[in-house]
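Chemist: Input structure: start39.cif, which contains mmCIF, C-alpha atoms and all ligand atoms.
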data_work
#
loop_
_atom_site.label_atom_id
_atom_site.label_comp_id
_atom_site.auth_asym_id
_atom_site.auth_seq_id
_atom_site.Cartn_x
_atom_site.Cartn_y
_atom_site.Cartn_z
CA MET A 896 9.53 -6.56 19.20
CA GLY A 897 11.92 -7.82 16.52
CA VAL A 898 9.08 -8.57 14.11
CA LEU A 899 7.59 -5.12 14.67
CA ARG A 900 10.94 -3.47 14.22
CA GLY A 901 11.48 -5.35 10.97
CA LEU A 902 8.20 -4.25 9.36
CA ARG A 903 9.54 -1.05 7.83
CA ALA A 904 12.49 -2.81 6.18
CA ARG A 905 10.27 -5.62 4.92
CA LEU A 906 7.84 -3.21 3.28
CA GLN A 907 10.60 -1.12 1.79
CA SER A 908 12.25 -4.18 0.31
CA GLU A 909 9.02 -5.21 -1.46
CA VAL A 910 7.41 -1.93 -2.42
CA LEU A 911 9.79 0.53 -4.05
CA GLY A 912 9.57 4.29 -4.47
CA GLN A 913 6.89 4.72 -1.77
CA GLU A 914 8.96 5.74 1.25
CA GLU A 915 6.52 8.35 2.54
CA ALA A 916 3.41 6.15 2.21
CA LEU A 917 5.15 3.13 3.72
CA SER A 918 6.39 5.15 6.63
CA ALA A 919 2.84 6.34 7.39
CA LEU A 920 1.49 2.83 6.94
CA CYS A 921 4.08 1.38 9.28
CA ASP A 922 3.40 3.96 11.96
CA ALA A 923 -0.34 3.31 11.81
CA LEU A 924 -0.03 -0.49 11.91
CA LEU A 925 2.61 -0.45 14.64
CA ALA A 926 0.65 1.98 16.82
CA GLY A 927 -2.18 -0.56 16.76
CA GLU A 928 0.12 -3.53 17.33
CA MET A 929 1.93 -1.85 20.23
CA GLY A 930 -1.30 -1.10 22.04
CA HIS A 931 -1.66 2.59 21.32
CA ALA A 932 -5.07 2.41 19.62
CA SER A 933 -8.18 3.64 21.41
CA PRO A 934 -9.77 0.87 23.49
CA GLY A 935 -12.77 -0.82 21.87
CA ARG A 936 -11.89 0.48 18.43
CA PRO A 937 -10.16 -1.34 15.59
CA ARG A 938 -6.39 -1.24 15.90
CA SER A 939 -6.34 0.99 12.85
CA LEU A 940 -8.78 2.09 10.17
CA LEU A 941 -6.85 3.08 7.09
CA LEU A 942 -7.63 4.30 3.61
CA LEU A 943 -4.87 3.73 1.05
CA LEU A 944 -5.21 5.94 -2.02
CA GLY A 945 -3.13 6.35 -5.16
CA PRO A 946 -2.92 5.39 -8.82
CA THR A 947 -3.34 1.82 -10.01
CA GLY A 948 -0.31 -0.49 -9.83
CA THR A 949 1.63 1.51 -7.26
CA GLY A 950 1.78 -1.03 -4.43
CA LYS A 951 -1.28 -0.40 -2.24
CA THR A 952 -2.54 -3.97 -2.15
CA ARG A 953 0.97 -5.41 -2.27
CA SER A 954 2.06 -3.49 0.81
CA ILE A 955 -0.89 -4.74 2.87
CA LEU A 956 -0.34 -8.33 1.82
CA ALA A 957 3.35 -8.00 2.69
CA ALA A 958 2.60 -6.38 6.06
CA SER A 959 0.15 -9.11 6.98
CA GLU A 960 2.56 -11.83 5.95
CA HIS A 961 5.37 -10.24 7.93
CA LEU A 962 3.34 -9.68 11.09
CA PHE A 963 1.03 -12.68 11.11
CA GLY A 964 2.27 -15.22 8.56
CA THR A 965 1.54 -16.35 5.02
CA GLY A 966 -2.08 -16.13 3.92
CA SER A 967 -3.10 -14.36 7.12
CA VAL A 968 -5.02 -11.47 5.56
CA ALA A 969 -8.81 -11.44 5.20
CA ARG A 970 -9.21 -9.92 1.78
CA ILE A 971 -12.49 -8.79 0.34
CA ASN A 972 -12.47 -7.62 -3.25
CA ALA A 973 -15.12 -4.96 -2.79
CA ALA A 974 -15.49 -4.57 -6.57
CA GLU A 975 -17.36 -7.89 -6.55
CA PHE A 976 -20.13 -6.24 -4.55
CA SER A 977 -20.93 -3.34 -6.81
CA SER A 978 -24.64 -4.02 -7.12
CA ASP A 979 -27.04 -3.97 -4.18
CA GLU A 980 -28.24 -7.47 -5.11
CA ARG A 981 -24.79 -8.87 -4.38
CA VAL A 982 -24.37 -7.18 -1.01
CA PRO A 983 -26.19 -9.99 0.89
CA LEU A 984 -23.47 -12.38 -0.28
CA LEU A 985 -21.03 -10.22 1.64
CA LEU A 986 -23.12 -9.39 4.68
CA GLY A 987 -25.13 -12.59 4.89
CA THR A 988 -28.84 -13.19 5.03
CA PRO A 989 -30.90 -14.46 7.93
CA GLY A 990 -29.66 -18.00 8.35
CA ALA A 991 -26.60 -17.72 6.07
CA ALA A 992 -23.32 -16.18 7.07
CA GLY A 993 -21.87 -13.77 4.53
CA LEU A 994 -18.40 -13.78 3.07
CA LEU A 995 -17.25 -10.99 5.39
CA GLY A 996 -18.13 -12.91 8.55
CA GLU A 997 -16.57 -16.10 7.19
CA ARG A 998 -13.34 -14.44 6.15
CA VAL A 999 -12.95 -12.60 9.45
CA ALA A 1000 -13.62 -15.78 11.45
CA ARG A 1001 -11.09 -17.72 9.37
CA MET A 1002 -8.52 -14.98 9.77
CA ARG A 1003 -8.95 -14.84 13.54
CA ARG A 1004 -8.46 -18.60 13.71
CA SER A 1005 -5.23 -18.31 11.73
CA GLY A 1006 -3.89 -15.54 13.93
CA GLY A 1007 -4.23 -12.75 11.34
CA ARG A 1008 -5.46 -9.26 12.21
CA ILE A 1009 -5.83 -7.37 8.92
CA LEU A 1010 -9.14 -7.03 7.07
CA LEU A 1011 -8.47 -5.67 3.58
CA LEU A 1012 -11.38 -4.08 1.72
CA ASP A 1013 -9.77 -3.80 -1.69
CA GLU A 1014 -11.02 -1.32 -4.31
CA ILE A 1015 -13.71 -0.03 -2.02
CA GLU A 1016 -14.85 2.71 -4.41
CA LYS A 1017 -16.17 0.07 -6.80
CA ALA A 1018 -18.52 -1.42 -4.20
CA SER A 1019 -22.13 -0.50 -3.60
CA PRO A 1020 -22.26 2.46 -1.17
CA ARG A 1021 -23.83 0.03 1.29
CA VAL A 1022 -20.45 -1.66 1.64
CA ALA A 1023 -18.68 1.56 2.60
CA ASP A 1024 -21.56 2.27 4.97
CA LEU A 1025 -20.36 -0.71 6.97
CA LEU A 1026 -17.74 1.59 8.32
CA LEU A 1027 -20.33 3.73 10.08
CA GLY A 1028 -20.49 1.31 12.97
CA ILE A 1029 -16.82 0.84 13.11
CA GLU A 1030 -15.98 3.24 15.90
CA GLU A 1031 -17.59 0.72 18.19
CA ALA A 1032 -15.60 -1.91 16.27
CA GLU A 1033 -18.81 -3.56 15.12
CA VAL A 1034 -20.55 -3.76 11.81
CA MET A 1035 -24.16 -4.83 11.50
CA MET A 1036 -24.79 -7.92 9.44
CA GLN A 1037 -28.05 -8.45 7.59
CA ASP A 1038 -29.40 -10.99 10.04
CA GLY A 1039 -29.21 -8.33 12.72
CA SER A 1040 -26.09 -9.73 14.38
CA ALA A 1041 -23.02 -7.60 14.90
CA LEU A 1042 -19.65 -8.58 13.49
CA ASP A 1043 -16.92 -7.82 15.97
CA LEU A 1044 -13.92 -6.13 14.38
CA SER A 1045 -12.21 -5.18 17.62
CA GLY A 1046 -8.54 -5.93 17.70
CA LEU A 1047 -8.28 -5.84 13.91
CA HIS A 1048 -6.75 -3.46 11.42
CA VAL A 1049 -9.32 -2.50 8.80
CA VAL A 1050 -7.69 -1.27 5.60
CA ALA A 1051 -9.54 -0.03 2.52
CA THR A 1052 -7.77 0.65 -0.77
CA SER A 1053 -8.96 2.77 -3.65
CA ASN A 1054 -7.57 4.43 -6.74
CA LEU A 1055 -10.05 7.29 -6.57
CA GLY A 1056 -8.34 10.32 -8.08
CA GLY A 1057 -5.43 8.14 -9.15
CA ALA A 1058 -6.04 8.49 -12.87
CA GLY A 1059 -5.49 12.23 -12.64
CA VAL A 1060 -2.19 11.93 -10.80
CA ALA A 1061 -0.07 11.06 -13.86
CA GLY A 1062 -0.98 14.47 -15.27
CA LEU A 1063 0.32 16.20 -12.14
CA GLU A 1064 3.99 15.48 -12.69
CA GLY A 1065 6.17 18.23 -11.31
CA VAL A 1066 3.45 19.28 -8.88
CA SER A 1067 4.46 19.12 -5.20
CA ARG A 1068 3.73 15.96 -3.21
CA ALA A 1069 1.52 17.97 -0.88
CA SER A 1070 -0.64 19.22 -3.78
CA VAL A 1071 -0.97 15.72 -5.25
CA ARG A 1072 -1.98 14.48 -1.85
CA ARG A 1073 -4.61 17.21 -1.47
CA TYR A 1074 -5.99 16.47 -4.92
CA VAL A 1075 -6.32 12.73 -4.28
CA GLU A 1076 -7.84 13.25 -0.85
CA GLN A 1077 -10.40 15.66 -2.27
CA GLU A 1078 -11.40 13.21 -4.98
CA ALA A 1079 -11.83 10.47 -2.39
CA ALA A 1080 -13.71 12.75 0.01
CA ALA A 1081 -16.12 13.66 -2.79
CA HIS A 1082 -16.88 9.98 -3.42
CA PHE A 1083 -17.67 8.77 0.09
CA ARG A 1084 -20.39 10.11 2.32
CA PRO A 1085 -18.65 12.59 4.65
CA GLU A 1086 -19.50 10.61 7.74
CA VAL A 1087 -17.95 7.50 6.15
CA PHE A 1088 -14.81 9.32 5.00
CA ALA A 1089 -14.39 10.81 8.46
CA ARG A 1090 -14.17 7.33 9.99
CA PHE A 1091 -10.70 6.67 8.55
CA THR A 1092 -8.05 7.41 11.12
CA SER A 1093 -5.29 7.66 8.49
CA VAL A 1094 -5.51 8.43 4.81
CA ILE A 1095 -2.29 7.33 3.12
CA VAL A 1096 -1.51 8.43 -0.42
CA PHE A 1097 0.73 6.28 -2.64
CA ALA A 1098 2.74 8.20 -5.20
CA HIS A 1099 2.75 7.92 -8.96
CA LEU A 1100 5.70 5.63 -9.83
CA SER A 1101 8.50 7.54 -11.52
CA ARG A 1102 10.44 5.93 -14.34
CA ASP A 1103 13.39 5.50 -12.00
CA ALA A 1104 11.19 3.65 -9.50
CA GLN A 1105 9.84 1.44 -12.28
CA VAL A 1106 13.38 0.57 -13.36
CA ARG A 1107 14.06 -0.63 -9.82
CA VAL A 1108 10.77 -2.54 -9.81
CA CYS A 1109 11.81 -4.19 -13.08
CA HIS A 1110 15.15 -5.34 -11.61
CA ARG A 1111 13.33 -6.81 -8.65
CA MET A 1112 10.75 -8.61 -10.79
CA LEU A 1113 13.39 -9.95 -13.14
CA GLY A 1114 15.42 -11.29 -10.21
CA ARG A 1115 12.39 -13.16 -8.91
CA GLU A 1116 11.48 -14.46 -12.35
CA LEU A 1117 15.02 -15.76 -12.92
CA ALA A 1118 14.95 -17.57 -9.59
CA LEU A 1119 11.55 -19.09 -10.38
CA GLN A 1120 12.61 -20.20 -13.85
CA SER A 1121 15.96 -21.53 -12.66
CA ALA A 1122 14.03 -23.80 -10.32
CA ALA A 1123 11.62 -24.78 -13.12
CA LEU A 1124 14.48 -25.65 -15.48
CA SER A 1125 16.32 -27.56 -12.76
CA SER A 1126 13.21 -29.59 -12.13
CA ALA A 1127 12.57 -30.16 -15.86
CA PHE A 1128 16.17 -31.21 -16.53
CA GLY A 1129 16.64 -33.22 -13.37
CA HIS A 1130 19.82 -31.37 -12.40
CA PRO A 1131 20.70 -27.87 -11.17
CA HIS A 1132 20.36 -25.18 -13.82
CA ARG A 1133 20.92 -21.47 -13.38
CA LEU A 1134 19.25 -18.91 -15.62
CA ARG A 1135 20.74 -15.45 -15.48
CA ALA A 1136 20.33 -12.24 -17.43
CA ASP A 1137 22.86 -9.90 -18.99
CA PRO A 1138 22.86 -6.35 -17.59
CA ASP A 1139 21.20 -4.98 -20.75
CA VAL A 1140 18.05 -7.10 -20.32
CA PRO A 1141 16.31 -4.82 -17.76
CA GLY A 1142 16.65 -1.87 -20.16
CA LEU A 1143 14.77 -3.78 -22.84
CA LEU A 1144 12.06 -4.83 -20.41
CA VAL A 1145 11.68 -1.31 -19.00
CA SER A 1146 11.29 0.21 -22.45
CA GLU A 1147 8.39 -2.12 -23.10
CA GLY A 1148 6.90 -2.37 -19.62
CA TRP A 1149 7.13 1.19 -18.33
CA HIS A 1150 3.76 2.87 -18.20
CA ARG A 1151 2.99 6.39 -17.09
CA SER A 1152 -0.47 5.74 -15.69
CA LEU A 1153 -0.68 1.97 -15.08
CA GLY A 1154 2.22 1.81 -12.62
CA ALA A 1155 4.04 -1.50 -12.28
CA ARG A 1156 1.26 -3.75 -13.55
CA PRO A 1157 2.36 -3.88 -17.23
CA MET A 1158 5.97 -4.39 -16.12
CA ARG A 1159 5.12 -7.57 -14.36
CA ASN A 1160 3.32 -8.92 -17.43
CA VAL A 1161 6.19 -7.96 -19.73
CA VAL A 1162 8.85 -9.55 -17.53
CA GLU A 1163 6.92 -12.79 -17.18
CA ARG A 1164 5.81 -13.00 -20.80
CA ARG A 1165 9.21 -12.19 -22.29
CA VAL A 1166 11.22 -14.53 -20.13
CA ARG A 1167 8.76 -17.40 -20.36
CA SER A 1168 8.30 -17.14 -24.12
CA ALA A 1169 12.06 -17.07 -24.52
CA LEU A 1170 12.42 -20.26 -22.53
CA VAL A 1171 9.60 -22.06 -24.30
CA ARG A 1172 11.07 -21.29 -27.70
CA ALA A 1173 14.59 -22.18 -26.70
CA ARG A 1174 13.41 -25.52 -25.37
CA LEU A 1175 11.23 -26.30 -28.38
CA ASP A 1176 14.10 -25.41 -30.71
CA GLY A 1177 16.38 -27.73 -28.76
CA ALA A 1178 18.64 -24.79 -27.93
CA LEU A 1179 18.11 -25.39 -24.24
CA GLY A 1180 17.86 -28.82 -22.71
CA PRO A 1181 19.22 -31.27 -20.14
CA GLY A 1182 22.94 -31.45 -19.66
CA VAL A 1183 23.47 -27.70 -19.53
CA GLY A 1184 24.08 -26.09 -16.16
CA GLU A 1185 23.64 -22.44 -17.05
CA SER A 1186 21.93 -20.23 -19.61
CA VAL A 1187 21.74 -16.50 -20.08
CA LEU A 1188 19.20 -14.03 -21.46
CA VAL A 1189 20.60 -11.16 -23.52
CA ALA A 1190 18.85 -8.20 -25.14
CA ALA A 1191 19.23 -8.50 -28.92
CA ALA A 1192 19.80 -5.57 -31.25
CA GLY A 1193 16.38 -6.06 -32.85
CA GLY A 1194 14.64 -5.41 -29.54
CA GLY A 1195 13.91 -9.00 -28.55
CA LEU A 1196 15.61 -11.33 -26.14
CA ARG A 1197 18.50 -13.51 -27.11
CA ALA A 1198 18.90 -16.61 -25.01
CA ALA A 1199 22.27 -18.20 -24.94
CA VAL A 1200 23.21 -21.47 -23.40
CA ALA A 1201 26.49 -20.81 -21.69
CA ARG A 1202 28.10 -23.87 -23.22
CA ALA A 1203 26.87 -23.33 -26.80
CA PRO A 1204 25.42 -19.86 -27.36
CA VAL A 1205 22.40 -19.69 -29.64
CA VAL A 1206 21.10 -16.43 -31.09
CA LEU A 1207 17.37 -16.11 -31.39
CA ARG A 1208 15.59 -13.13 -32.84
CA GLY A 1209 12.41 -11.20 -32.20
CA GLY A 1210 10.95 -7.72 -32.04
CA PRO A 1211 8.33 -6.24 -29.79
CA GLY A 1212 5.42 -8.65 -29.68
CA GLU A 1213 7.52 -11.43 -31.11
CA VAL A 1214 9.67 -12.74 -28.32
CA ALA A 1215 12.87 -14.43 -29.15
CA ALA A 1216 14.75 -16.96 -27.14
N1 LIG A 1301 6.04 0.37 -5.70
C1 LIG A 1301 6.15 -0.89 -6.13
N2 LIG A 1301 7.27 -1.61 -5.92
C2 LIG A 1301 7.37 -2.90 -6.34
N3 LIG A 1301 6.38 -3.55 -6.99
C3 LIG A 1301 5.24 -2.90 -7.20
C4 LIG A 1301 5.07 -1.54 -6.79
N4 LIG A 1301 3.83 -1.15 -7.13
C5 LIG A 1301 3.26 -2.20 -7.72
N5 LIG A 1301 4.09 -3.25 -7.77
C6 LIG A 1301 3.79 -4.56 -8.35
O1 LIG A 1301 2.75 -4.36 -9.31
C7 LIG A 1301 1.67 -5.28 -9.11
C8 LIG A 1301 0.40 -4.52 -8.76
O2 LIG A 1301 0.57 -3.88 -7.50
P1 LIG A 1301 -0.63 -3.66 -6.47
O3 LIG A 1301 -1.60 -4.79 -6.60
O4 LIG A 1301 -0.10 -3.42 -5.12
O5 LIG A 1301 -1.27 -2.34 -7.09
P2 LIG A 1301 -2.37 -1.40 -6.45
O6 LIG A 1301 -1.70 -0.12 -6.05
O7 LIG A 1301 -3.12 -2.13 -5.40
O8 LIG A 1301 -3.27 -1.12 -7.73
P3 LIG A 1301 -4.90 -1.06 -7.89
O9 LIG A 1301 -5.29 0.32 -7.46
O10 LIG A 1301 -5.12 -1.27 -9.36
O11 LIG A 1301 -5.48 -2.13 -7.05
C9 LIG A 1301 2.13 -6.23 -8.03
O12 LIG A 1301 2.66 -7.34 -8.68
C10 LIG A 1301 3.23 -5.50 -7.29
O13 LIG A 1301 4.17 -6.41 -6.82
MG MG A 1302 -5.03 -3.01 -5.36
#
Hey, can you dump this file as structure tokens for me?

Modeler:
Amino acid sequence: MGVLRGLRARLQSEVLGQEEALSALCDALLAGEMGHASPGRPRSLLLLLGPTGTGKTRSILAASEHLFGTGSVARINAAEFSSDERVPLLLGTPGAAGLLGERVARMRRSGGRILLLDEIEKASPRVADLLLGIEEAEVMMQDGSALDLSGLHVVATSNLGGAGVAGLEGVSRASVRRYVEQEAAAHFRPEVFARFTSVIVFAHLSRDAQVRVCHRMLGRELALQSAALSSAFGHPHRLRADPDVPGLLVSEGWHRSLGARPMRNVVERRVRSALVRARLDGALGPGVGESVLVAAAGGGLRAAVARAPVVLRGGPGEVAA
């Protein structure tokens, strides 16, 4: 019960600014895990909607890791099966198992229970049609066999309608939700759309939420790079950032309609370029136990070795270390 109880906190610690969606996701997953799903059906059949880069895929990966362990999810990138010619690779052909069957079998062996159909709107309609058989927890494979999905959570994600959400700022959450659901309902055949037991809408990420995301990403990046520097130098090294660094990263990485995706790239690129340059310049090397990243007046990053500060310049596009 402890693991189940901890799911909400785990998701909220990884995916920020999505309290409502995470709460609905948790309830749906936990209902299945605690035995409240209808017998003979999948434990849950969920559709996660919302703009790109808002945490849909991330939250499923985190939920699966929390509940069933690292690498436990069976993930199908449905966008890879956009043409009908590629569908047999997913569903198999007489004599050859498809990717779907293989991934589900591997997941069951590893103790996982979540099948993730990512970006389902980009797939051939024949992929979404798989869901027609799902109330019996079976999908028909192309060799005529049935793939048993009983006991699993089946989660599809899509950013259908998501692009329009950024333009709906100031509109109530309920109206945004209705808009996104309508866009999704118009895409799928009605009998397919009706199969989902929960439709969960992820919100557009506000600037405030993206600032928090930036702090989180920077913290992880600093930990990663501290370990990399310690390993390169052969002794412990701690990389930290001055409080003004997130502001610089947010101003470059915040994006109204691409969510947190650009932020991640900016954080990684800026910090890594800064370190590469500092090391090539000889400003950062073995023998130093701590260094610090500082936002410079010109808009770049200034990296200072705690023992012997070095100022390095750069503007947007030209990273300084
Ligand atoms: N709400 C959030 N809180 C923290 N990190 C986030 C959030 N949303 C997105 N991210 C980060 O941004 C990246 C992209 O997120 P994710 O893959 O979950 O997006 P998505 O909603 O599935 O987008 P798409 O519709 O394009 O597939 C990940 O690195 C993730 O960690
Ligand atoms: Mg995704």

Chemist: Ranking A:Gly950, A:Pro1020, A:Gly1142, A:Gly1148 by minimum distance to ligand LIG 1301 (chain A) and counting only C-alpha atoms and all ligand atoms, which one comes first?

Modeler: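 Smallest separation from ligand LIG 1301 (chain A) among the options: A:Gly950.
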
Chemist: Tell me which protein, DNA and RNA residues are within 12 Å of Leu1055 of chain A, counting only C-alpha atoms, leaving out same-chain ones fewer than 6 positions away, and put them as a VMD selection string.

Modeler: chain A and resid 942 to 947 1014 to 1017 1072 1074 to 1083 1096 to 1097

Chemist: Neighbours of Arg938 of chain A within 7 Å (all atoms listed in the file; same-chain residues fewer than 3 positions away dropped), as number ranges by chain?

Modeler: A: 927, 932, 1046-1048

Chemist: Residues proximal to (6.4, 7.8, 5.9) were defined as those with any atom within 12 Å of that point in the file's coordinates, counting only C-alpha atoms. Which are they, as a short mmCIF file (atom, residue, chain, number, x, y, z; two decimals) with C-alpha atoms, in the coordinates of the input?

Modeler:
data_model
loop_
_atom_site.label_atom_id
_atom_site.label_comp_id
_atom_site.auth_asym_id
_atom_site.auth_seq_id
_atom_site.Cartn_x
_atom_site.Cartn_y
_atom_site.Cartn_z
CA ARG A 903 9.54 -1.05 7.83
CA LEU A 906 7.84 -3.21 3.28
CA GLN A 907 10.60 -1.12 1.79
CA GLY A 912 9.57 4.29 -4.47
CA GLN A 913 6.89 4.72 -1.77
CA GLU A 914 8.96 5.74 1.25
CA GLU A 915 6.52 8.35 2.54
CA ALA A 916 3.41 6.15 2.21
CA LEU A 917 5.15 3.13 3.72
CA SER A 918 6.39 5.15 6.63
CA ALA A 919 2.84 6.34 7.39
CA LEU A 920 1.49 2.83 6.94
CA CYS A 921 4.08 1.38 9.28
CA ASP A 922 3.40 3.96 11.96
CA ALA A 923 -0.34 3.31 11.81
CA SER A 1093 -5.29 7.66 8.49
CA VAL A 1094 -5.51 8.43 4.81
CA ILE A 1095 -2.29 7.33 3.12
CA VAL A 1096 -1.51 8.43 -0.42
CA PHE A 1097 0.73 6.28 -2.64
CA ALA A 1098 2.74 8.20 -5.20
#

Chemist: What is the atom CA of Glu1185 of chain A to atom CA of Arg1133 of chain A distance in Å?

Modeler: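 Interatomic distance here is 4.7 Å.
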
Chemist: Using Å and a single decimal, report how far atom CA of Leu984 of chain A sits from atom CA of Glu960 of chain A.

Modeler: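 If I compute the distance from atom CA of Glu960 of chain A to atom CA of Leu984 of chain A, I get 26.8 Å.
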
Chemist: Give the residues close to ligand LIG 1301 (chain A), within 6 Å, counting only C-alpha atoms and all ligand atoms; write them as a PDB file with C-alpha atoms, in the coordinates of the input.

Modeler:
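Output file result.pdb follows:
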ATOM      1  CA  GLU A 909       9.020  -5.210  -1.460  1.00  0.00           C
ATOM      2  CA  VAL A 910       7.410  -1.930  -2.420  1.00  0.00           C
ATOM      3  CA  LEU A 911       9.790   0.530  -4.050  1.00  0.00           C
ATOM      4  CA  GLY A 912       9.570   4.290  -4.470  1.00  0.00           C
ATOM      5  CA  GLN A 913       6.890   4.720  -1.770  1.00  0.00           C
ATOM      6  CA  PRO A 946      -2.920   5.390  -8.820  1.00  0.00           C
ATOM      7  CA  THR A 947      -3.340   1.820 -10.010  1.00  0.00           C
ATOM      8  CA  GLY A 948      -0.310  -0.490  -9.830  1.00  0.00           C
ATOM      9  CA  THR A 949       1.630   1.510  -7.260  1.00  0.00           C
ATOM     10  CA  GLY A 950       1.780  -1.030  -4.430  1.00  0.00           C
ATOM     11  CA  LYS A 951      -1.280  -0.400  -2.240  1.00  0.00           C
ATOM     12  CA  THR A 952      -2.540  -3.970  -2.150  1.00  0.00           C
ATOM     13  CA  ARG A 953       0.970  -5.410  -2.270  1.00  0.00           C
ATOM     14  CA  SER A1053      -8.960   2.770  -3.650  1.00  0.00           C
ATOM     15  CA  ASN A1054      -7.570   4.430  -6.740  1.00  0.00           C
ATOM     16  CA  VAL A1108      10.770  -2.540  -9.810  1.00  0.00           C
ATOM     17  CA  ALA A1155       4.040  -1.500 -12.280  1.00  0.00           C
ATOM     18  CA  ARG A1156       1.260  -3.750 -13.550  1.00  0.00           C
TER      19      ARG A1156
END

Chemist: Measure the distance from atom CA of Arg1073 of chain A to atom CA of Val1049 of chain A in Å and round it to one decimal.

Modeler: 22.7 Å

Chemist: Using all atoms listed in the file, which residue out of A:Val968, A:Leu1124, A:Asp1137, A:Ala1051 lies closest to Val1171 of chain A?

Modeler: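 Looking at the shortest contact to Val1171 of chain A, the residue is A:Leu1124.
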
Chemist: Given the choices A:Arg1003, A:His931, A:Arg936, A:His1132, which gets closest to Val1183 of chain A if the distance is worked out from all atoms listed in the file?

Modeler: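 Between A:Arg1003, A:His931, A:Arg936, A:His1132, the residue approaching Val1183 of chain A most closely is A:His1132.
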
Chemist: Leaving out Leu995 of chain A and any residue of its chain fewer than 3 positions from it, which residues lie within 7 Å of it when counting only C-alpha atoms, given as an MDAnalysis selection string?

Modeler: chainID A and resid 985:986 998:999

Chemist: Counting only C-alpha atoms, which of A:Leu1012, A:Val898, A:Val1060, A:Ala1122 gets nearest to Ile971 of chain A?

Modeler: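 Selected residue with least distance to Ile971 of chain A: A:Leu1012.
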
Chemist: Just checking: using all atoms listed in the file, which residue out of A:Ala926, A:Arg1159, A:Ser1152, A:Ala1190 ends up closest to Val1140 of chain A?

Modeler: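 For Val1140 of chain A, the nearest of the given residues is A:Ala1190.
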
Chemist: Could you check the closest approach to ligand MG 1302 (chain A) for each of A:Leu1153, A:Arg905, A:Leu1063, A:Asp1139 and tell me which residue wins, using all atoms listed in the file?

Modeler: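 Comparing A:Leu1153, A:Arg905, A:Leu1063, A:Asp1139 against ligand MG 1302 (chain A), the winner is A:Leu1153.
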
Chemist: Hey, can I get the axis-aligned box for segment 1015-1027 of chain A? All listed atoms, 5 Å padding on each side, centre and edge lengths in Å to one decimal, as lines of an AutoDock Vina configuration file.

Modeler:
center_x = -18.8
center_y = 1.0
center_z = 1.6
size_x = 20.1
size_y = 15.4
size_z = 26.9

Chemist: Hey, what's within 12 Å of Gly964 of chain A if we count all atoms listed in the file and toss same-chain stuff fewer than 3 positions away? As a list in words, please?

Modeler: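 The contact residues come out as Val898, Leu956, Ala957, Ala958, Ser959, Glu960, His961, Ser967, Val968, Met1002, Ser1005, Gly1006, Gly1007, Arg1008 and Ile1009 of chain A.
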
Chemist: Add whatever atoms are absent from segment 908-920 of chain A to reach N, CA and C atoms, and provide the output as a PDB file, keeping the file's coordinate frame.

Modeler:
ATOM      1  N   SER A 908      11.560  -3.268   1.236  1.00  0.00           N
ATOM      2  CA  SER A 908      12.250  -4.180   0.310  1.00  0.00           C
ATOM      3  C   SER A 908      11.280  -4.689  -0.753  1.00  0.00           C
ATOM      4  N   GLU A 909       9.989  -4.668  -0.478  1.00  0.00           N
ATOM      5  CA  GLU A 909       9.020  -5.210  -1.460  1.00  0.00           C
ATOM      6  C   GLU A 909       8.369  -4.138  -2.302  1.00  0.00           C
ATOM      7  N   VAL A 910       8.158  -2.984  -1.720  1.00  0.00           N
ATOM      8  CA  VAL A 910       7.410  -1.930  -2.420  1.00  0.00           C
ATOM      9  C   VAL A 910       8.348  -0.736  -2.572  1.00  0.00           C
ATOM     10  N   LEU A 911       8.722  -0.456  -3.809  1.00  0.00           N
ATOM     11  CA  LEU A 911       9.790   0.530  -4.050  1.00  0.00           C
ATOM     12  C   LEU A 911       9.211   1.896  -4.408  1.00  0.00           C
ATOM     13  N   GLY A 912       9.959   2.937  -4.068  1.00  0.00           N
ATOM     14  CA  GLY A 912       9.570   4.290  -4.470  1.00  0.00           C
ATOM     15  C   GLY A 912       8.387   4.847  -3.697  1.00  0.00           C
ATOM     16  N   GLN A 913       8.068   4.275  -2.547  1.00  0.00           N
ATOM     17  CA  GLN A 913       6.890   4.720  -1.770  1.00  0.00           C
ATOM     18  C   GLN A 913       7.282   4.986  -0.323  1.00  0.00           C
ATOM     19  N   GLU A 914       8.448   5.594  -0.106  1.00  0.00           N
ATOM     20  CA  GLU A 914       8.960   5.740   1.250  1.00  0.00           C
ATOM     21  C   GLU A 914       7.978   6.450   2.177  1.00  0.00           C
ATOM     22  N   GLU A 915       7.408   7.549   1.678  1.00  0.00           N
ATOM     23  CA  GLU A 915       6.520   8.350   2.540  1.00  0.00           C
ATOM     24  C   GLU A 915       5.263   7.556   2.937  1.00  0.00           C
ATOM     25  N   ALA A 916       4.635   6.917   1.931  1.00  0.00           N
ATOM     26  CA  ALA A 916       3.410   6.150   2.210  1.00  0.00           C
ATOM     27  C   ALA A 916       3.713   4.981   3.139  1.00  0.00           C
ATOM     28  N   LEU A 917       4.826   4.299   2.902  1.00  0.00           N
ATOM     29  CA  LEU A 917       5.150   3.130   3.720  1.00  0.00           C
ATOM     30  C   LEU A 917       5.455   3.526   5.154  1.00  0.00           C
ATOM     31  N   SER A 918       6.078   4.680   5.298  1.00  0.00           N
ATOM     32  CA  SER A 918       6.390   5.150   6.630  1.00  0.00           C
ATOM     33  C   SER A 918       5.090   5.424   7.414  1.00  0.00           C
ATOM     34  N   ALA A 919       4.129   6.071   6.741  1.00  0.00           N
ATOM     35  CA  ALA A 919       2.840   6.340   7.390  1.00  0.00           C
ATOM     36  C   ALA A 919       2.098   5.045   7.684  1.00  0.00           C
ATOM     37  N   LEU A 920       2.171   4.111   6.748  1.00  0.00           N
ATOM     38  CA  LEU A 920       1.490   2.830   6.940  1.00  0.00           C
ATOM     39  C   LEU A 920       2.071   2.077   8.132  1.00  0.00           C
TER      40      LEU A 920
END
